[in-house]
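Okay, query20.csv now, which holds CSV, C-alpha atoms:
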```
chain,number,residue,atom,x,y,z
A,73,MET,CA,116.0,92.8,225.2
A,74,PHE,CA,113.5,94.3,222.7
A,75,GLU,CA,109.7,94.0,222.7
A,76,ALA,CA,108.2,91.9,219.9
A,77,GLU,CA,106.6,94.9,218.3
A,78,THR,CA,110.0,96.6,218.0
A,79,LEU,CA,111.6,93.5,216.5
A,80,THR,CA,108.7,93.1,214.0
A,81,LEU,CA,109.3,96.7,212.9
A,82,ALA,CA,113.0,96.2,212.7
A,83,GLN,CA,112.4,93.1,210.5
A,84,SER,CA,110.2,95.2,208.3
A,85,VAL,CA,112.9,97.8,207.8
A,86,LEU,CA,115.4,95.1,206.9
A,87,ASP,CA,113.0,93.5,204.4
A,88,ALA,CA,112.2,96.8,202.8
A,89,CYS,CA,115.9,97.7,202.5
A,90,ARG,CA,116.7,94.3,201.1
A,91,ALA,CA,114.0,94.6,198.4
A,92,ARG,CA,115.8,97.8,197.2
A,93,ASN,CA,119.3,96.5,197.7
A,94,TRP,CA,119.9,99.3,200.2
A,95,ARG,CA,122.5,99.4,203.0
A,96,LEU,CA,122.0,101.7,206.0
A,97,ALA,CA,123.8,103.3,208.9
A,98,THR,CA,122.6,105.0,212.1
A,99,ALA,CA,124.0,108.1,213.8
A,100,GLU,CA,122.6,108.2,217.3
A,101,SER,CA,122.8,110.5,220.3
A,102,CYS,CA,120.0,110.2,222.8
A,103,THR,CA,119.2,106.6,221.8
A,104,GLY,CA,122.8,105.6,222.4
A,105,GLY,CA,122.8,102.8,219.8
A,106,LEU,CA,119.3,101.4,220.4
A,107,VAL,CA,118.3,101.7,216.7
A,108,VAL,CA,121.2,99.8,215.4
A,109,ALA,CA,120.9,97.3,218.3
A,110,ALA,CA,117.3,96.6,217.4
A,111,LEU,CA,118.1,96.1,213.7
A,112,THR,CA,121.1,93.9,214.4
A,113,ALA,CA,119.0,91.8,216.9
A,114,ILE,CA,117.6,90.3,213.7
A,115,ALA,CA,119.6,87.4,212.3
A,116,GLY,CA,121.0,88.1,208.9
A,117,SER,CA,120.9,91.9,209.3
A,118,SER,CA,124.5,92.2,208.2
A,119,ASP,CA,123.4,92.3,204.6
A,120,VAL,CA,121.6,95.6,205.3
A,121,ILE,CA,123.4,97.2,208.3
A,122,GLU,CA,126.8,98.8,207.5
A,123,ARG,CA,127.5,100.5,210.8
A,124,GLY,CA,126.2,102.6,213.7
A,125,PHE,CA,127.7,105.8,215.0
A,126,VAL,CA,127.0,106.6,218.6
A,127,THR,CA,127.8,110.3,218.9
A,128,TYR,CA,126.6,111.4,222.3
A,129,SER,CA,128.9,114.3,222.8
A,130,ASN,CA,129.1,117.4,220.5
A,131,GLU,CA,132.8,116.5,219.9
A,132,ALA,CA,131.8,113.1,218.7
A,133,LYS,CA,129.2,114.5,216.4
A,134,SER,CA,131.8,116.8,214.9
A,135,GLU,CA,134.8,114.3,214.8
A,136,LEU,CA,132.9,111.2,213.6
A,137,LEU,CA,130.1,112.7,211.5
A,138,GLY,CA,131.6,116.1,210.4
A,139,VAL,CA,128.8,118.1,212.0
A,140,PRO,CA,130.2,121.7,212.1
A,141,LEU,CA,130.7,122.9,215.6
A,142,GLU,CA,129.2,126.2,214.3
A,143,THR,CA,125.9,124.4,213.6
A,144,ILE,CA,125.8,123.0,217.1
A,145,THR,CA,126.7,126.3,218.6
A,146,ALA,CA,124.1,128.2,216.6
A,147,HIS,CA,121.2,125.8,216.8
A,148,GLY,CA,122.1,123.3,219.6
A,149,ALA,CA,122.8,119.6,219.5
A,150,VAL,CA,119.1,118.9,219.6
A,151,SER,CA,118.0,120.8,216.5
A,152,ALA,CA,116.8,120.0,212.9
A,153,GLU,CA,120.1,121.4,211.6
A,154,THR,CA,122.3,119.2,213.7
A,155,THR,CA,120.1,116.1,213.1
A,156,ALA,CA,120.2,116.6,209.4
A,157,ALA,CA,124.0,117.1,209.5
A,158,MET,CA,124.4,113.9,211.5
A,159,ALA,CA,122.4,111.9,208.9
A,160,GLN,CA,124.3,113.5,206.0
A,161,GLY,CA,127.6,112.9,207.8
A,162,ALA,CA,126.9,109.2,208.2
A,163,LEU,CA,126.0,109.0,204.5
A,164,ALA,CA,129.2,110.7,203.6
A,165,ARG,CA,131.3,108.4,205.8
A,166,ALA,CA,129.9,105.0,204.9
A,167,PRO,CA,129.0,103.1,201.7
A,168,ILE,CA,125.3,103.2,202.3
A,169,ASP,CA,122.1,104.3,200.6
A,170,LEU,CA,120.1,105.5,203.7
A,171,ALA,CA,121.1,107.0,207.1
A,172,VAL,CA,119.0,107.7,210.1
A,173,SER,CA,120.0,110.1,212.9
A,174,VAL,CA,118.5,110.6,216.3
A,175,THR,CA,118.9,113.5,218.8
A,176,GLY,CA,116.8,114.5,221.7
A,177,ILE,CA,116.4,115.3,225.4
A,178,ALA,CA,115.5,112.1,227.2
A,179,GLY,CA,115.6,113.8,230.6
A,180,PRO,CA,115.2,114.1,233.4
A,181,GLY,CA,117.5,117.1,233.0
A,182,GLY,CA,118.7,119.1,230.0
A,183,ALA,CA,115.5,120.9,229.1
A,184,THR,CA,115.1,124.5,228.2
A,185,SER,CA,112.1,126.7,227.7
A,186,THR,CA,112.1,125.9,223.9
A,187,LYS,CA,113.4,122.3,224.1
A,188,PRO,CA,111.4,120.3,226.7
A,189,VAL,CA,112.2,116.9,228.0
A,190,GLY,CA,110.8,114.4,225.5
A,191,LEU,CA,111.9,116.4,222.5
A,192,VAL,CA,113.2,114.0,219.8
A,193,LEU,CA,114.4,114.8,216.2
A,194,VAL,CA,115.0,112.1,213.7
A,195,GLY,CA,116.8,112.7,210.4
A,196,LEU,CA,116.8,110.6,207.2
A,197,ALA,CA,119.4,111.1,204.4
A,198,ARG,CA,119.4,109.2,201.2
A,199,ARG,CA,122.2,108.7,198.7
A,200,ASP,CA,120.2,110.6,196.1
A,201,GLY,CA,120.7,113.8,198.2
A,202,GLU,CA,117.3,113.9,199.8
A,203,CYS,CA,117.3,114.7,203.6
A,204,ARG,CA,114.5,115.4,206.0
A,205,THR,CA,113.9,115.6,209.7
A,206,GLU,CA,110.9,114.9,211.9
A,207,ARG,CA,110.3,116.5,215.3
A,208,ARG,CA,108.2,115.0,218.1
A,209,VAL,CA,107.8,115.6,221.9
A,210,PHE,CA,107.1,112.3,223.8
A,211,PRO,CA,105.7,112.0,227.3
A,212,GLY,CA,107.2,109.9,230.0
A,213,ASP,CA,110.5,109.2,231.8
A,214,ARG,CA,113.9,108.7,230.2
A,215,HIS,CA,113.2,105.1,229.3
A,216,ALA,CA,109.8,105.9,227.7
A,217,VAL,CA,111.3,108.8,225.6
A,218,ARG,CA,114.2,106.6,224.4
A,219,GLN,CA,111.8,103.8,223.5
A,220,ALA,CA,109.5,106.2,221.6
A,221,ALA,CA,112.5,107.6,219.8
A,222,LEU,CA,113.6,104.1,218.8
A,223,GLU,CA,110.1,103.3,217.4
A,224,LEU,CA,109.9,106.6,215.6
A,225,ALA,CA,113.3,106.0,213.9
A,226,LEU,CA,112.3,102.5,212.8
A,227,ARG,CA,108.9,103.7,211.5
A,228,LEU,CA,110.5,106.5,209.5
A,229,LEU,CA,113.2,104.1,208.1
A,230,ASP,CA,110.5,101.6,207.1
A,231,ALA,CA,108.4,104.3,205.4
A,232,GLU,CA,111.4,105.7,203.6
A,233,ALA,CA,112.5,102.3,202.3
A,234,ARG,CA,109.0,101.5,201.1
A,235,ARG,CA,108.5,104.9,199.3
```
Could you quickly redo this structure as C-alpha cells?
Amino acid sequence: MFEAETLTLAQSVLDACRARNWRLATAESCTGGLVVAALTAIAGSSDVIERGFVTYSNEAKSELLGVPLETITAHGAVSAETTAAMAQGALARAPIDLAVSVTGIAGPGGATSTKPVGLVLVGLARRDGECRTERRVFPGDRHAVRQAALELALRLLDAEARR
C-alpha cells in the first residue's frame, strides 16, 4: 500500500517518538488518514500512535477538534490558522505529546487565486505549548499532492521528535 521510502520514514518517526517516550495523534483533512495509516502500517506502532482524526469537513474540524468556525470563516479551512487549531485541538483531546495536522487543496477543483491546487499546510503542536505550521505548494495531480503531503507530514514529525 505504501512505498518503501514512506514506510522507512514512518519507522523513523516511530523510533524517534519511542526514544522520547512520546505518543502522537494526527488530525487530517486532505490526506484523509494517510499519515496515521502509514504510521500504523508498521508493526508495534500502537506504543506511539494514540489516534487519528479525519476531519474532512469544516463541521468535523469544529466538532471533533474544537476549531472555531470563526477561524475557518475568517481564514479558510486551508490556512495556517486552521491548521494550527487542528493540531492544538488534537493535543487537547488526546493524551499525547505531539500532534500533526494536514490541510490542503489536492485538486483538481477547489483552488482560488490565493490558494492554488497543490497548496498544503502541516501543523505540529507539542504538549509544551509549542505550535508551528509549514506551507508548501506541490505540483501534480490529486494523488501526487496527497503523497507529497504525507511525506512532508512524516518528515516534519521525524524532525520534531529528533529536536
Just the residues within 10 Å of Glu223 of chain A, please, counting all atoms listed in the file, with nothing from its chain fewer than 6 positions along; format it as a PyMOL selection string. chain A and resi 77-79+81-82+106-107+110+217+229
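Between Gln219 of chain A and the candidates A:Gly176, A:Gly182, A:Pro188, A:Gly195, the tightest atom-to-atom separation, counting all atoms listed in the file, involves A:Gly176.
For the pair atom CA of Ala99 of chain A and atom CA of Ala132 of chain A, the separation is 10.5 Å.
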Sorted by chain and rising residue number, list the residues of segment 105-181 of chain A at most 8 Å from segment 198-204 of chain A (counting only C-alpha atoms), each with its closest atom pair and distance in Å to one decimal, as JSON lines.
```
{"residue": "A:Ala156", "atom": "CA", "partner": "A:Arg204", "partner_atom": "CA", "distance": 6.7}
{"residue": "A:Ala159", "atom": "CA", "partner": "A:Cys203", "partner_atom": "CA", "distance": 7.9}
{"residue": "A:Gln160", "atom": "CA", "partner": "A:Cys203", "partner_atom": "CA", "distance": 7.5}
{"residue": "A:Leu163", "atom": "CA", "partner": "A:Arg199", "partner_atom": "CA", "distance": 6.9}
{"residue": "A:Ile168", "atom": "CA", "partner": "A:Arg199", "partner_atom": "CA", "distance": 7.3}
{"residue": "A:Asp169", "atom": "CA", "partner": "A:Arg199", "partner_atom": "CA", "distance": 4.8}
{"residue": "A:Leu170", "atom": "CA", "partner": "A:Arg198", "partner_atom": "CA", "distance": 4.5}
{"residue": "A:Ala171", "atom": "CA", "partner": "A:Arg198", "partner_atom": "CA", "distance": 6.5}
```
Fewer than 2 positions away in the same chain doesn't count, so skip those; otherwise give me all residues within 6 Å of Ala178 of chain A, counting all atoms listed in the file, as an NGL selection string. :A and (189-190 or 214 or 217)
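Take atom CA of Leu228 of chain A and atom CA of Leu136 of chain A: the distance between them is 23.3 Å.
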